[in-house]
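> You'll find target36.pdb just under this line, and it carries PDB, C-alpha atoms, pLDDT in the B column.
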```pdb
ATOM      1  CA  MET Y   4     254.073  12.583 -22.302  1.00 39.00           C
ATOM      2  CA  LYS Y   5     252.800  13.143 -18.816  1.00 42.00           C
ATOM      3  CA  LYS Y   6     249.538  11.369 -18.078  1.00 41.00           C
ATOM      4  CA  LEU Y   7     246.542  13.602 -17.572  1.00 41.00           C
ATOM      5  CA  LEU Y   8     245.520  13.891 -13.966  1.00 44.00           C
ATOM      6  CA  LEU Y   9     242.293  12.282 -12.856  1.00 39.00           C
ATOM      7  CA  SER Y  10     240.871  15.781 -12.580  1.00 42.00           C
ATOM      8  CA  VAL Y  11     241.426  16.310 -16.295  1.00 40.00           C
ATOM      9  CA  ALA Y  12     239.898  12.959 -17.212  1.00 38.00           C
ATOM     10  CA  CYS Y  13     236.491  14.052 -15.898  1.00 40.00           C
ATOM     11  CA  CYS Y  14     237.198  12.351 -12.601  1.00 42.00           C
ATOM     12  CA  LEU Y  15     238.741  15.332 -10.897  1.00 50.00           C
ATOM     13  CA  MET Y  16     240.695  14.545  -7.779  1.00 52.00           C
ATOM     14  CA  LEU Y  17     239.430  16.557  -4.836  1.00 61.00           C
ATOM     15  CA  LEU Y  18     241.762  17.360  -1.987  1.00 59.00           C
ATOM     16  CA  ALA Y  19     240.313  15.776   1.124  1.00 51.00           C
ATOM     17  CA  ALA Y  20     239.603  18.004   4.086  1.00 53.00           C
ATOM     18  CA  ARG Y  21     238.403  15.158   6.205  1.00 52.00           C
ATOM     19  CA  GLY Y  22     241.861  13.937   7.267  1.00 49.00           C
ATOM     20  CA  GLN Y  23     243.623  14.894  10.457  1.00 50.00           C
ATOM     21  CA  GLU Y  24     240.348  15.844  12.098  1.00 53.00           C
ATOM     22  CA  LYS Y  25     240.745  14.533  15.599  1.00 50.00           C
ATOM     23  CA  ASP Y  26     242.852  17.372  16.991  1.00 52.00           C
ATOM     24  CA  LEU Y  27     240.933  20.055  15.100  1.00 53.00           C
ATOM     25  CA  LEU Y  28     237.499  18.717  15.992  1.00 47.00           C
ATOM     26  CA  ASP Y  29     238.454  18.777  19.655  1.00 49.00           C
ATOM     27  CA  LYS Y  30     238.700  22.553  19.402  1.00 52.00           C
ATOM     28  CA  ILE Y  31     235.229  23.183  18.010  1.00 45.00           C
ATOM     29  CA  LYS Y  32     231.808  23.102  19.561  1.00 51.00           C
ATOM     30  CA  PRO Y  33     230.301  19.645  20.246  1.00 57.00           C
ATOM     31  CA  ARG Y  34     227.407  20.238  17.822  1.00 81.00           C
ATOM     32  CA  GLU Y  35     229.756  21.107  14.990  1.00 74.00           C
ATOM     33  CA  HIS Y  36     231.851  18.082  15.865  1.00 75.00           C
ATOM     34  CA  SER Y  37     228.836  15.792  15.757  1.00 83.00           C
ATOM     35  CA  TYR Y  38     227.374  17.144  12.522  1.00 90.00           C
ATOM     36  CA  THR Y  39     230.728  17.103  10.758  1.00 89.00           C
ATOM     37  CA  ARG Y  40     231.476  13.528  11.791  1.00 85.00           C
ATOM     38  CA  GLN Y  41     228.024  12.400  10.667  1.00 93.00           C
ATOM     39  CA  GLY Y  42     228.533  14.210   7.375  1.00 92.00           C
ATOM     40  CA  ASN Y  43     231.899  12.523   6.881  1.00 94.00           C
ATOM     41  CA  GLU Y  44     230.423   9.107   7.610  1.00 95.00           C
ATOM     42  CA  ALA Y  45     227.608   9.662   5.108  1.00 94.00           C
ATOM     43  CA  PHE Y  46     230.106  10.948   2.537  1.00 94.00           C
ATOM     44  CA  SER Y  47     232.394   7.910   2.920  1.00 94.00           C
ATOM     45  CA  GLU Y  48     229.373   5.655   2.299  1.00 94.00           C
ATOM     46  CA  GLY Y  49     228.380   7.544  -0.833  1.00 94.00           C
ATOM     47  CA  ARG Y  50     225.349   9.261   0.717  1.00 94.00           C
ATOM     48  CA  TYR Y  51     226.357  12.660  -0.596  1.00 94.00           C
ATOM     49  CA  SER Y  52     222.981  14.386  -0.292  1.00 92.00           C
ATOM     50  CA  GLU Y  53     222.749  13.331   3.349  1.00 94.00           C
ATOM     51  CA  SER Y  54     226.318  14.451   4.037  1.00 93.00           C
ATOM     52  CA  GLU Y  55     225.467  17.826   2.514  1.00 91.00           C
ATOM     53  CA  THR Y  56     222.645  18.221   5.041  1.00 92.00           C
ATOM     54  CA  TYR Y  57     224.985  17.508   7.958  1.00 92.00           C
ATOM     55  CA  TYR Y  58     227.638  19.940   6.738  1.00 91.00           C
ATOM     56  CA  MET Y  59     224.997  22.647   6.389  1.00 91.00           C
ATOM     57  CA  LYS Y  60     223.869  21.974   9.949  1.00 90.00           C
ATOM     58  CA  ALA Y  61     227.457  22.369  11.123  1.00 91.00           C
ATOM     59  CA  LEU Y  62     227.651  25.706   9.315  1.00 89.00           C
ATOM     60  CA  ASP Y  63     224.412  26.789  10.949  1.00 89.00           C
ATOM     61  CA  LYS Y  64     226.268  26.460  14.245  1.00 88.00           C
ATOM     62  CA  ASN Y  65     229.390  28.198  12.991  1.00 89.00           C
ATOM     63  CA  ARG Y  66     229.222  29.908   9.614  1.00 88.00           C
ATOM     64  CA  ASP Y  67     233.015  30.382   9.610  1.00 89.00           C
ATOM     65  CA  TYR Y  68     233.839  26.713  10.126  1.00 91.00           C
ATOM     66  CA  PHE Y  69     236.196  26.019   7.214  1.00 92.00           C
ATOM     67  CA  LYS Y  70     236.099  22.202   7.319  1.00 93.00           C
ATOM     68  CA  ALA Y  71     232.318  22.033   7.021  1.00 93.00           C
ATOM     69  CA  ALA Y  72     232.331  24.640   4.250  1.00 93.00           C
ATOM     70  CA  PHE Y  73     235.041  22.781   2.351  1.00 95.00           C
ATOM     71  CA  ASN Y  74     233.425  19.358   2.757  1.00 94.00           C
ATOM     72  CA  LEU Y  75     230.088  20.796   1.674  1.00 93.00           C
ATOM     73  CA  GLY Y  76     231.741  21.686  -1.630  1.00 94.00           C
ATOM     74  CA  ASP Y  77     232.961  18.081  -1.909  1.00 95.00           C
ATOM     75  CA  ALA Y  78     229.430  16.769  -1.345  1.00 94.00           C
ATOM     76  CA  MET Y  79     228.015  19.083  -4.016  1.00 93.00           C
ATOM     77  CA  TYR Y  80     230.753  18.066  -6.433  1.00 95.00           C
ATOM     78  CA  ARG Y  81     230.006  14.369  -5.966  1.00 95.00           C
ATOM     79  CA  GLN Y  82     226.392  15.103  -6.900  1.00 92.00           C
ATOM     80  CA  GLU Y  83     227.698  16.700 -10.122  1.00 92.00           C
ATOM     81  CA  ARG Y  84     226.446  20.135  -9.085  1.00 91.00           C
ATOM     82  CA  TYR Y  85     229.651  21.673 -10.315  1.00 93.00           C
ATOM     83  CA  VAL Y  86     228.655  25.347 -10.315  1.00 91.00           C
ATOM     84  CA  ASN Y  87     227.323  25.092  -6.758  1.00 92.00           C
ATOM     85  CA  ALA Y  88     230.445  23.222  -5.714  1.00 93.00           C
ATOM     86  CA  ALA Y  89     232.752  25.846  -7.241  1.00 94.00           C
ATOM     87  CA  GLN Y  90     230.883  28.652  -5.500  1.00 93.00           C
ATOM     88  CA  GLN Y  91     231.032  26.756  -2.204  1.00 92.00           C
ATOM     89  CA  PHE Y  92     234.787  26.184  -2.496  1.00 95.00           C
ATOM     90  CA  GLU Y  93     235.221  29.897  -3.210  1.00 94.00           C
ATOM     91  CA  ARG Y  94     233.257  30.689  -0.048  1.00 93.00           C
ATOM     92  CA  ALA Y  95     235.474  28.272   1.850  1.00 94.00           C
ATOM     93  CA  ALA Y  96     238.541  30.055   0.475  1.00 94.00           C
ATOM     94  CA  ALA Y  97     237.155  33.365   1.756  1.00 93.00           C
ATOM     95  CA  MET Y  98     236.840  32.012   5.300  1.00 92.00           C
ATOM     96  CA  ALA Y  99     240.177  30.148   5.275  1.00 93.00           C
ATOM     97  CA  THR Y 100     242.661  31.284   7.901  1.00 93.00           C
ATOM     98  CA  THR Y 101     245.822  29.833   6.353  1.00 94.00           C
ATOM     99  CA  LYS Y 102     247.414  29.872   2.912  1.00 94.00           C
ATOM    100  CA  ALA Y 103     247.284  26.077   2.850  1.00 95.00           C
ATOM    101  CA  GLU Y 104     243.511  26.124   3.314  1.00 95.00           C
ATOM    102  CA  LYS Y 105     243.072  28.817   0.674  1.00 95.00           C
ATOM    103  CA  GLY Y 106     245.245  26.891  -1.750  1.00 95.00           C
ATOM    104  CA  LYS Y 107     243.190  23.704  -1.329  1.00 96.00           C
ATOM    105  CA  ALA Y 108     239.870  25.508  -1.626  1.00 96.00           C
ATOM    106  CA  PHE Y 109     240.845  27.358  -4.810  1.00 96.00           C
ATOM    107  CA  TYR Y 110     242.286  24.141  -6.261  1.00 96.00           C
ATOM    108  CA  ASN Y 111     238.972  22.345  -5.802  1.00 96.00           C
ATOM    109  CA  ALA Y 112     237.100  25.377  -7.143  1.00 96.00           C
ATOM    110  CA  GLY Y 113     239.247  25.085 -10.253  1.00 96.00           C
ATOM    111  CA  ASN Y 114     238.419  21.400 -10.563  1.00 95.00           C
ATOM    112  CA  ALA Y 115     234.705  22.126 -10.301  1.00 95.00           C
ATOM    113  CA  ARG Y 116     234.908  24.916 -12.893  1.00 94.00           C
ATOM    114  CA  MET Y 117     236.847  22.561 -15.155  1.00 93.00           C
ATOM    115  CA  ALA Y 118     234.211  19.846 -14.824  1.00 93.00           C
ATOM    116  CA  ASP Y 119     231.557  22.385 -15.818  1.00 93.00           C
ATOM    117  CA  GLY Y 120     233.556  23.484 -18.861  1.00 91.00           C
ATOM    118  CA  GLN Y 121     234.214  26.968 -17.464  1.00 92.00           C
ATOM    119  CA  TYR Y 122     237.866  26.929 -18.442  1.00 92.00           C
ATOM    120  CA  ASP Y 123     238.502  30.654 -18.002  1.00 91.00           C
ATOM    121  CA  LYS Y 124     237.189  30.543 -14.433  1.00 93.00           C
ATOM    122  CA  ALA Y 125     239.118  27.336 -13.809  1.00 94.00           C
ATOM    123  CA  VAL Y 126     242.328  29.086 -14.858  1.00 92.00           C
ATOM    124  CA  ALA Y 127     241.579  31.973 -12.468  1.00 93.00           C
ATOM    125  CA  ALA Y 128     240.926  29.556  -9.585  1.00 95.00           C
ATOM    126  CA  TYR Y 129     244.106  27.569 -10.219  1.00 94.00           C
ATOM    127  CA  ARG Y 130     246.081  30.815 -10.308  1.00 93.00           C
ATOM    128  CA  GLN Y 131     244.749  31.717  -6.875  1.00 92.00           C
ATOM    129  CA  SER Y 132     245.619  28.239  -5.651  1.00 93.00           C
ATOM    130  CA  LEU Y 133     249.202  28.709  -6.825  1.00 92.00           C
ATOM    131  CA  VAL Y 134     249.415  32.163  -5.241  1.00 91.00           C
ATOM    132  CA  ASN Y 135     248.702  30.510  -1.897  1.00 91.00           C
ATOM    133  CA  ASP Y 136     250.597  27.298  -2.560  1.00 92.00           C
ATOM    134  CA  PRO Y 137     253.250  27.622  -5.308  1.00 89.00           C
ATOM    135  CA  THR Y 138     254.311  24.000  -4.714  1.00 92.00           C
ATOM    136  CA  ASN Y 139     250.998  22.544  -5.940  1.00 92.00           C
ATOM    137  CA  ALA Y 140     252.142  20.875  -9.148  1.00 92.00           C
ATOM    138  CA  ASP Y 141     248.642  19.519  -9.837  1.00 93.00           C
ATOM    139  CA  ALA Y 142     247.194  23.038  -9.836  1.00 93.00           C
ATOM    140  CA  ARG Y 143     249.902  24.206 -12.224  1.00 91.00           C
ATOM    141  CA  TYR Y 144     249.356  21.281 -14.590  1.00 93.00           C
ATOM    142  CA  ASN Y 145     245.558  21.609 -14.526  1.00 91.00           C
ATOM    143  CA  MET Y 146     245.815  25.349 -15.147  1.00 90.00           C
ATOM    144  CA  LEU Y 147     247.887  24.744 -18.280  1.00 90.00           C
ATOM    145  CA  TYR Y 148     245.401  22.130 -19.442  1.00 90.00           C
ATOM    146  CA  ALA Y 149     242.469  24.503 -18.855  1.00 90.00           C
ATOM    147  CA  MET Y 150     244.266  27.201 -20.825  1.00 89.00           C
ATOM    148  CA  LYS Y 151     244.638  24.788 -23.752  1.00 87.00           C
ATOM    149  CA  MET Y 152     240.926  24.031 -23.602  1.00 86.00           C
ATOM    150  CA  MET Y 153     239.894  27.690 -23.637  1.00 81.00           C
ATOM    151  CA  PRO Y 154     238.537  29.106 -26.929  1.00 76.00           C
ATOM    152  CA  GLU Y 155     241.041  31.344 -28.730  1.00 61.00           C
ATOM    153  CA  SER Y 156     239.019  34.472 -27.893  1.00 45.00           C
ATOM    154  CA  GLN Y 157     239.198  33.675 -24.181  1.00 57.00           C
ATOM    155  CA  LYS Y 158     242.928  32.948 -24.406  1.00 52.00           C
ATOM    156  CA  GLN Y 159     243.567  36.332 -25.985  1.00 55.00           C
ATOM    157  CA  GLN Y 160     241.411  38.106 -23.400  1.00 57.00           C
ATOM    158  CA  ASP Y 161     243.181  36.290 -20.562  1.00 57.00           C
ATOM    159  CA  LYS Y 162     246.539  37.193 -22.084  1.00 57.00           C
ATOM    160  CA  ASN Y 163     245.586  40.853 -22.409  1.00 55.00           C
ATOM    161  CA  GLU Y 164     244.303  41.059 -18.824  1.00 56.00           C
ATOM    162  CA  ASN Y 165     247.594  39.741 -17.480  1.00 58.00           C
ATOM    163  CA  LYS Y 166     249.815  41.726 -19.820  1.00 59.00           C
ATOM    164  CA  PRO Y 167     251.938  44.302 -17.971  1.00 66.00           C
ATOM    165  CA  PRO Y 168     251.393  47.973 -18.917  1.00 65.00           C
ATOM    166  CA  PRO Y 169     253.749  49.386 -21.563  1.00 70.00           C
ATOM    167  CA  LYS Y 170     256.825  51.350 -20.545  1.00 82.00           C
ATOM    168  CA  PRO Y 171     256.036  55.060 -21.024  1.00 82.00           C
ATOM    169  CA  SER Y 172     258.114  57.073 -23.462  1.00 83.00           C
ATOM    170  CA  GLU Y 173     259.645  60.401 -22.449  1.00 86.00           C
ATOM    171  CA  TRP Y 174     256.931  62.112 -24.461  1.00 86.00           C
ATOM    172  CA  ALA Y 175     254.260  60.211 -22.498  1.00 84.00           C
ATOM    173  CA  LYS Y 176     255.896  61.168 -19.195  1.00 89.00           C
ATOM    174  CA  ASN Y 177     255.905  64.817 -20.223  1.00 90.00           C
ATOM    175  CA  ARG Y 178     252.252  64.528 -21.225  1.00 89.00           C
ATOM    176  CA  LYS Y 179     251.412  63.299 -17.717  1.00 89.00           C
ATOM    177  CA  ARG Y 180     253.345  66.180 -16.122  1.00 91.00           C
ATOM    178  CA  GLU Y 181     251.325  68.640 -18.218  1.00 92.00           C
ATOM    179  CA  ALA Y 182     248.091  66.968 -17.094  1.00 89.00           C
ATOM    180  CA  GLU Y 183     249.209  67.179 -13.461  1.00 89.00           C
ATOM    181  CA  GLU Y 184     249.770  70.926 -13.855  1.00 90.00           C
ATOM    182  CA  MET Y 185     246.227  71.238 -15.192  1.00 89.00           C
ATOM    183  CA  MET Y 186     244.971  69.334 -12.126  1.00 85.00           C
ATOM    184  CA  ILE Y 187     246.708  71.857  -9.853  1.00 85.00           C
ATOM    185  CA  ASN Y 188     244.630  74.540 -11.572  1.00 86.00           C
ATOM    186  CA  LYS Y 189     241.533  72.332 -11.113  1.00 84.00           C
ATOM    187  CA  ALA Y 190     241.105  71.871 -14.867  1.00 87.00           C
ATOM    188  CA  TYR Y 191     240.291  68.201 -14.384  1.00 85.00           C
ATOM    189  CA  GLU Y 192     238.252  67.625 -17.529  1.00 87.00           C
ATOM    190  CA  LYS Y 193     240.877  69.382 -19.635  1.00 90.00           C
ATOM    191  CA  ALA Y 194     243.604  67.255 -18.057  1.00 88.00           C
ATOM    192  CA  LEU Y 195     241.673  64.065 -18.822  1.00 86.00           C
ATOM    193  CA  LYS Y 196     241.157  65.113 -22.431  1.00 88.00           C
ATOM    194  CA  HIS Y 197     244.864  65.959 -22.638  1.00 88.00           C
ATOM    195  CA  MET Y 198     245.763  62.392 -21.613  1.00 86.00           C
ATOM    196  CA  GLU Y 199     243.186  60.772 -23.897  1.00 86.00           C
ATOM    197  CA  THR Y 200     244.358  62.652 -26.981  1.00 83.00           C
ATOM    198  CA  GLY Y 201     247.924  61.915 -25.943  1.00 80.00           C
ATOM    199  CA  MET Y 202     247.187  58.191 -25.974  1.00 78.00           C
ATOM    200  CA  GLU Y 203     245.977  58.514 -29.577  1.00 75.00           C
ATOM    201  CA  ILE Y 204     249.372  59.939 -30.469  1.00 77.00           C
ATOM    202  CA  ASP Y 205     251.537  57.694 -28.287  1.00 78.00           C
ATOM    203  CA  SER Y 206     250.134  54.346 -27.109  1.00 77.00           C
ATOM    204  CA  THR Y 207     252.606  54.216 -24.195  1.00 83.00           C
ATOM    205  CA  VAL Y 208     250.488  56.871 -22.448  1.00 82.00           C
ATOM    206  CA  ALA Y 209     248.396  53.810 -21.489  1.00 83.00           C
ATOM    207  CA  ALA Y 210     251.073  53.103 -18.874  1.00 84.00           C
ATOM    208  CA  PHE Y 211     249.361  55.829 -16.822  1.00 84.00           C
ATOM    209  CA  GLY Y 212     246.001  54.052 -16.936  1.00 81.00           C
ATOM    210  CA  SER Y 213     245.467  54.211 -13.170  1.00 82.00           C
ATOM    211  CA  PHE Y 214     246.247  57.947 -13.219  1.00 83.00           C
ATOM    212  CA  MET Y 215     243.687  58.437 -15.995  1.00 82.00           C
ATOM    213  CA  GLN Y 216     241.063  56.433 -14.122  1.00 83.00           C
ATOM    214  CA  ARG Y 217     241.606  58.544 -11.010  1.00 82.00           C
ATOM    215  CA  LEU Y 218     241.460  61.689 -13.118  1.00 77.00           C
ATOM    216  CA  GLN Y 219     238.205  60.502 -14.667  1.00 82.00           C
ATOM    217  CA  GLN Y 220     236.690  59.967 -11.224  1.00 80.00           C
ATOM    218  CA  ILE Y 221     237.804  63.406 -10.020  1.00 80.00           C
ATOM    219  CA  SER Y 222     236.450  64.996 -13.178  1.00 75.00           C
ATOM    220  CA  ALA Y 223     233.059  63.311 -12.682  1.00 76.00           C
ATOM    221  CA  ILE Y 224     232.891  64.462  -9.044  1.00 75.00           C
ATOM    222  CA  ASP Y 225     233.855  68.001 -10.091  1.00 69.00           C
ATOM    223  CA  LYS Y 226     231.087  68.059 -12.712  1.00 70.00           C
ATOM    224  CA  SER Y 227     228.440  66.826 -10.267  1.00 59.00           C
ATOM    225  CA  GLY Y 228     229.358  69.564  -7.803  1.00 58.00           C
ATOM    226  CA  LYS Y 229     228.867  72.346 -10.299  1.00 54.00           C
TER     227      LYS Y 229
END
```
What is this file in C-alpha cells?

Amino acid sequence: MKKLLLSVACCLMLLAARGQEKDLLDKIKPREHSYTRQGNEAFSEGRYSESETYYMKALDKNRDYFKAAFNLGDAMYRQERYVNAAQQFERAAAMATTKAEKGKAFYNAGNARMADGQYDKAVAAYRQSLVNDPTNADARYNMLYAMKMMPESQKQQDKNENKPPPKPSEWAKNRKREAEEMMINKAYEKALKHMETGMEIDSTVAAFGSFMQRLQQISAIDKSGK
C-alpha cells in the first residue's frame, strides 16, 4: 500500500517558491527584491511571522508579484493559519501568469484546506491543480485521499455536481422545439412552464438545463418590463 504523503500525515508538503530566484529577482524592482530576500531568510530560520511582514511589504510595492504572494501563503501555513493560507494561495493562483504557477498555488491551497479539515474545498483545489498540471501525482493522490475523508453527504453532492447531464430523449427534444416556438411568439413564461412540466414527465428534459435557465431569465425580464 502506498505510503501517505507528508501532506496527508498532517505535515503537508508545500511546494517551495523560493528556489530559482536569482534570475527572476533580477527582473523585479529593487525594493521587492530586498523584501522578498529578507522574507526568505526569516522563513528559512523559522521566523514565519517576520517573513510574513516582509512578503506583505513586497506586495505593497507590487500587488501582482506572484512569488511574494505565494510565499506569504507558506508563511501563514507554517503559523497554522490554514484558512488564511488557503485564501492566500488562491489569490496567488489568480495572479499567476503560467499554468505551472497556477498548479503549484492550487496544490498548496488544497494542502491548507486539507489541514483545516475542509475536504470538499481541498478536493476542488486539487482538481484545479491537476487542470493546470496533469502530471502532479501528489495532487491526484491527495485529492483521492480528501475524497475518502469527506462525509457521505458531501461525496454525493460532489458526485452530483460533476455528473454530466442526461442524454435527451426524442420526446424531450421535441418538447424543447415546442418551447422555442413559444419563444418566437414571445410567450416566454408559457415556454418555461412547458419545459418544467415536461421535466416532470421525462427527466431527460433536464439535459436542456442551460436553455431553461436562459428562458427563466428572459421570462423575468419580460415580466419586469410589463
> To one decimal place, how far is atom CA of Phe92 of chain Y from atom CA of Leu75 of chain Y in Å?
8.3 Å
> If you measure from atom CA of Met117 of chain Y to atom CA of Asn135 of chain Y, what distance in Å do you get, rounded to one decimal?
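One can read the atom CA of Met117 of chain Y to atom CA of Asn135 of chain Y distance as 19.5 Å.
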> Using all atoms listed in the file for the distances, tell me which of Y:Asn177, Y:Ser132, Y:Ser54, Y:Thr39 is nearest to Met79 of chain Y.
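That would be Y:Ser54, the residue with the smallest distance to Met79 of chain Y.
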> For a quick check of understanding, using all atoms listed in the file, which of Y:Tyr144, Y:Tyr38, Y:Glu181, Y:Asp136 has the smallest distance to Glu53 of chain Y?
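The answer is Y:Tyr38, which sits nearest to Glu53 of chain Y.
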> Would you mind reading off the distance between atom CA of Ala115 of chain Y and atom CA of Lys102 of chain Y, one decimal, in Å?
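Distance between the two atoms: 19.9 Å.
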> Point out the residue among Y:Ala71, Y:Ala190, Y:Ala108, Y:Ala128 with the least atom-to-atom distance to Ala149 of chain Y, counting only C-alpha atoms.
Y:Ala128
> Go through Y:Ser206, Y:Ser37, Y:Thr138, Y:Ser52 and flag the residue nearest Arg84 of chain Y, using only C-alpha atoms for the distances.
Y:Ser52
> Taking the partial coordinates given, rebuild segment 80-97 of chain Y to contain N, CA and C atoms; return it as a PDB file, in the frame of the given file.

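Writing done, so here's out32.pdb:
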```pdb
ATOM      1  N   TYR Y  80     230.013  18.528  -5.264  1.00 95.00           N
ATOM      2  CA  TYR Y  80     230.753  18.066  -6.433  1.00 95.00           C
ATOM      3  C   TYR Y  80     230.391  16.622  -6.769  1.00 95.00           C
ATOM      4  N   ARG Y  81     230.320  15.780  -5.746  1.00 95.00           N
ATOM      5  CA  ARG Y  81     230.006  14.369  -5.966  1.00 95.00           C
ATOM      6  C   ARG Y  81     228.606  14.179  -6.540  1.00 95.00           C
ATOM      7  N   GLN Y  82     227.740  15.152  -6.324  1.00 92.00           N
ATOM      8  CA  GLN Y  82     226.392  15.103  -6.900  1.00 92.00           C
ATOM      9  C   GLN Y  82     226.344  15.763  -8.282  1.00 92.00           C
ATOM     10  N   GLU Y  83     227.534  16.097  -8.800  1.00 92.00           N
ATOM     11  CA  GLU Y  83     227.698  16.700 -10.122  1.00 92.00           C
ATOM     12  C   GLU Y  83     227.035  18.075 -10.225  1.00 92.00           C
ATOM     13  N   ARG Y  84     226.941  18.755  -9.103  1.00 91.00           N
ATOM     14  CA  ARG Y  84     226.446  20.135  -9.085  1.00 91.00           C
ATOM     15  C   ARG Y  84     227.687  21.034  -9.078  1.00 91.00           C
ATOM     16  N   TYR Y  85     228.328  21.082 -10.229  1.00 93.00           N
ATOM     17  CA  TYR Y  85     229.651  21.673 -10.315  1.00 93.00           C
ATOM     18  C   TYR Y  85     229.683  23.180 -10.044  1.00 93.00           C
ATOM     19  N   VAL Y  86     228.683  23.897 -10.547  1.00 91.00           N
ATOM     20  CA  VAL Y  86     228.655  25.347 -10.315  1.00 91.00           C
ATOM     21  C   VAL Y  86     228.480  25.636  -8.826  1.00 91.00           C
ATOM     22  N   ASN Y  87     227.535  24.920  -8.198  1.00 92.00           N
ATOM     23  CA  ASN Y  87     227.323  25.092  -6.758  1.00 92.00           C
ATOM     24  C   ASN Y  87     228.580  24.733  -5.971  1.00 92.00           C
ATOM     25  N   ALA Y  88     229.224  23.661  -6.398  1.00 93.00           N
ATOM     26  CA  ALA Y  88     230.445  23.222  -5.714  1.00 93.00           C
ATOM     27  C   ALA Y  88     231.542  24.272  -5.825  1.00 93.00           C
ATOM     28  N   ALA Y  89     231.723  24.821  -7.035  1.00 94.00           N
ATOM     29  CA  ALA Y  89     232.752  25.846  -7.241  1.00 94.00           C
ATOM     30  C   ALA Y  89     232.489  27.062  -6.356  1.00 94.00           C
ATOM     31  N   GLN Y  90     231.236  27.492  -6.316  1.00 93.00           N
ATOM     32  CA  GLN Y  90     230.883  28.652  -5.500  1.00 93.00           C
ATOM     33  C   GLN Y  90     231.113  28.356  -4.022  1.00 93.00           C
ATOM     34  N   GLN Y  91     230.834  27.124  -3.609  1.00 92.00           N
ATOM     35  CA  GLN Y  91     231.032  26.756  -2.204  1.00 92.00           C
ATOM     36  C   GLN Y  91     232.512  26.718  -1.853  1.00 92.00           C
ATOM     37  N   PHE Y  92     233.341  26.202  -2.744  1.00 95.00           N
ATOM     38  CA  PHE Y  92     234.787  26.184  -2.496  1.00 95.00           C
ATOM     39  C   PHE Y  92     235.338  27.605  -2.426  1.00 95.00           C
ATOM     40  N   GLU Y  93     234.787  28.498  -3.243  1.00 94.00           N
ATOM     41  CA  GLU Y  93     235.221  29.897  -3.210  1.00 94.00           C
ATOM     42  C   GLU Y  93     234.825  30.555  -1.886  1.00 94.00           C
ATOM     43  N   ARG Y  94     233.653  30.181  -1.361  1.00 93.00           N
ATOM     44  CA  ARG Y  94     233.257  30.689  -0.048  1.00 93.00           C
ATOM     45  C   ARG Y  94     234.189  30.136   1.026  1.00 93.00           C
ATOM     46  N   ALA Y  95     234.554  28.880   0.888  1.00 94.00           N
ATOM     47  CA  ALA Y  95     235.474  28.272   1.850  1.00 94.00           C
ATOM     48  C   ALA Y  95     236.828  28.988   1.815  1.00 94.00           C
ATOM     49  N   ALA Y  96     237.270  29.333   0.614  1.00 94.00           N
ATOM     50  CA  ALA Y  96     238.541  30.055   0.475  1.00 94.00           C
ATOM     51  C   ALA Y  96     238.481  31.399   1.194  1.00 94.00           C
ATOM     52  N   ALA Y  97     237.316  32.052   1.126  1.00 93.00           N
ATOM     53  CA  ALA Y  97     237.155  33.365   1.756  1.00 93.00           C
ATOM     54  C   ALA Y  97     237.223  33.281   3.274  1.00 93.00           C
TER      55      ALA Y  97
END
```
